[in-house]
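Engineer: Structure in structure tokens, see below.
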Amino acid sequence: MNWHGRIATLLVAGTLTASFPTARAGEISGGVVRIGIINDQTGPLSDLSGSGSVTAATMAAEDFRTLVPSIKVEILAADHQNKPDIGIGIVRKWFDVDGVDMIADVSNSAVGLAIQSLARDKNKIAVYSAVATTELAGKQCSRNGLAWLHDSYNLVSGPIRTLVSQGYDTWFFIAADYAFGKNMVLESQRVLAAAGGKSLGAVYHPIGNADYSSFILQAKASGAKAIAFANAGDQLVNLMKQWNEFGMNTGSQKPVAELMFDTDVHAMGPNIAKGLTTLTAWYWALDEESRAFGQRFFKLRNAMPTAPQAAVYSGVSHYLKAIAAVGTDATDPVLEKMRSTPVNDFYARGARLREDGKLVHDFYLVQVKDLSEVKAPWEYYNVLEKVPSGEVYASLADSECPLVKRGN
């Protein structure tokens with residue numbers, strides 16, 4: 001399939017609700033709202049986002065048809081191959097030639113940072129899911145860039161503090177060798193030091209790596225009580241399989257997945273993943289609304305949606321509703337509406353966008369069930385606790401985002 005092609009053109013029609021004005025054709029650029037989904041479609045991050053994110057965006061566009069009549073919504077998709085130069089080339093063409101109004105997903109920190117600058121320069125909206133680097137809403141923040149899912153601080157702060165308090169006070173990191181992995185290790189080491197723990201080192205592997213034996217042996221030789229994996233998708237799956245092959249699952253060193261999705265558990269199997277804990281913004285079996293979305297997605301994909309895919313649905317839906325509310329797809333009024341309106345859907349309830357572009361919402365600490373506890377396909381997690389948003393986001397007072405207003 002040509003992922004640079006158009007996936008679907010949807011005529012959005014239906015009964016107009018009283019709260020939305022009727023957008024005239026002249027107020028929609030080119031007569032159609034174009035949304036580009038760019039991510040890893042074929043590589044190690046494709047299961048957690050990939051074509052499933054395109055499905056999620058298409059679902060959001062289909063649901064939008066009940067809100068506003070006579071607006072065409074077109075979903076485009078492309079594979080950036082985890083290469084910033086390829087990603088920036090695709091998005092530049094989308095903005096300059098194809099009339100794309102907004103992009104979503106991205107799922108790679110290095111590509112995300114490259115796109116952030118372009119979206120700012122072109123005054124286009126970018127909604128990021130699965131882009132974890134704190135730089136996105138920090139030093140390189142932009143009014144145009146909205147972080148819908150998580151960042152490295154979200155993912156590591158709570159679990160590290162909890163584990164250090166349990167005696168796991170020395171850590172070693174096996175991380176992906178690009179912006180995400182490096183940022184994850186940096187944030188982990190900062191939180192670790194503040195919690196009274198100590199980092200014994202880190203090693204970095206290429207994003208397409210297949211053999212993790214040397215990295216595992218270095219982690220073992222470190223003597224650290226906790227071994228943290230700062231990678232994702234196929235990288236985490238293959239690393240955990242080899243971890244077990246080396247007999248590390250029976251040793252005293254505790255493996256910690258700093259970023260894990262249910263697709264990873266499905267790929268490695270709960271017999272390998274059992275006991276792993278992770279922090280997640282969303283899980284398809286959290287409640288009835290989430291289950292309904294999950295089951296609908298499953299019928300289309302034969303897999304349950306990940307948190308990044310749910311975030312794509314939420315972000316695209318919020319964007320389209322903002323267009324309906326202001327009656328145009330012009331960036332400035334739409335962005336203002338998105339930033340001023342709470343997000344209240346199955347993905348995030350009562351969530352708001354901060355000055356730095358982060359959507360502030362609750363998280364959940366989950367643990368992979370033992371195989372004997374898995375009673376239905378894809379129900380892999382026990383939810384240990386809900387972590388309120390106030391406990392999981394770094395304070396704006398510490399933000400390096402130039403958009404954040406400072407007190408006198």
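All residue names refer to the structure tokens as shown: chains lettered A, B, ... in order, residues numbered from 1 in each chain, ligands numbered from 1 in order.
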As a PyMOL selection string, which residues of region 307-379 of chain A does DSSP assign to strand (DSSP E)?

Structural biologist: chain A and resi 352-353+359-360+363-368

Engineer: Residues of region 256-284 of chain A that have any atom at most 9 Å from an atom of region 230-235 of chain A: could you tabulate them with the shortest-distance atom pair and the distance in Å to one decimal, using only C-alpha atoms, ordered by chain and increasing number, as a Markdown table?

Structural biologist:
| residue | atom | partner | partner_atom | distance |
| --- | --- | --- | --- | --- |
| A:Val256 | CA | A:Ala230 | CA | 8.9 |
| A:Ala257 | CA | A:Ala230 | CA | 7.0 |
| A:Glu258 | CA | A:Ala230 | CA | 5.6 |
| A:Leu259 | CA | A:Ala232 | CA | 6.1 |
| A:Met260 | CA | A:Ala232 | CA | 6.4 |
| A:Phe261 | CA | A:Gly233 | CA | 7.7 |
| A:Thr263 | CA | A:Gly233 | CA | 7.8 |
| A:Asp264 | CA | A:Gly233 | CA | 5.9 |
| A:Ala267 | CA | A:Asp234 | CA | 8.3 |

Engineer: From the list A:Tyr204, A:Phe346, A:Tyr380, A:Tyr313, which residue is nearest Ala176 (chain A) when using only C-alpha atoms?

Structural biologist: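 Among A:Tyr204, A:Phe346, A:Tyr380, A:Tyr313, it is A:Tyr204 that comes nearest to Ala176 (chain A).
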
Engineer: Please run DSSP on the backbone and report, as a ChimeraX atom specification, all residues within region 120-258 of chain A that come out as helix (DSSP H, G or I).

Structural biologist: /A:120-122,134-137,152-165,179-194,213-222,234-245,248-250

Engineer: Please provide as a PyMOL selection string all residues within 7 Å of region 115-131 of chain A, with the sequence filter that same-chain residues fewer than 3 positions apart are discarded (counting only C-alpha atoms).

Structural biologist: chain A and resi 88+101-109+111-112+142+144-151+308+311-312+315+331

Engineer: Choose the residue, out of A:Thr278, A:Thr162, A:Gln309, A:Ser29, that has the smallest atom-to-atom separation from Ala330 (chain A); count only C-alpha atoms.

Structural biologist: A:Ser29

Engineer: Can you measure CA of Leu365 (chain A) to CA of Trp243 (chain A) for me? One decimal in Å is fine.

Structural biologist: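 Interatomic distance, CA of Leu365 (chain A) to CA of Trp243 (chain A): 22.8 Å.
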
Engineer: Any idea what's packed within 12 Å of Leu239 (chain A), counting only C-alpha atoms, ignoring anything in its chain fewer than 2 positions away? Could you give it as a PyMOL selection string?

Structural biologist: chain A and resi 174-176+205+208-217+227-237+241-246+248-249+255-257+264+267-268+272-273

Engineer: Rank A:Val164, A:Val68, A:Ile35, A:Ala110 by their smallest atom-to-atom distance to Ala193 (chain A), using only C-alpha atoms, and report the top residue only.

Structural biologist: A:Val164

Engineer: Quote the spacing between CA of Leu353 (chain A) and CA of His318 (chain A) in Å to one decimal place.

Structural biologist: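 Between these atoms lies a distance of 11.5 Å.
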
Engineer: Would you please work out which residue, of A:Gly30, A:Gly167, A:Gly87, A:Pro159, is nearest to Glu391 (chain A) when using only C-alpha atoms?

Structural biologist: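 Using only C-alpha atoms, Glu391 (chain A) sits closest to A:Pro159.
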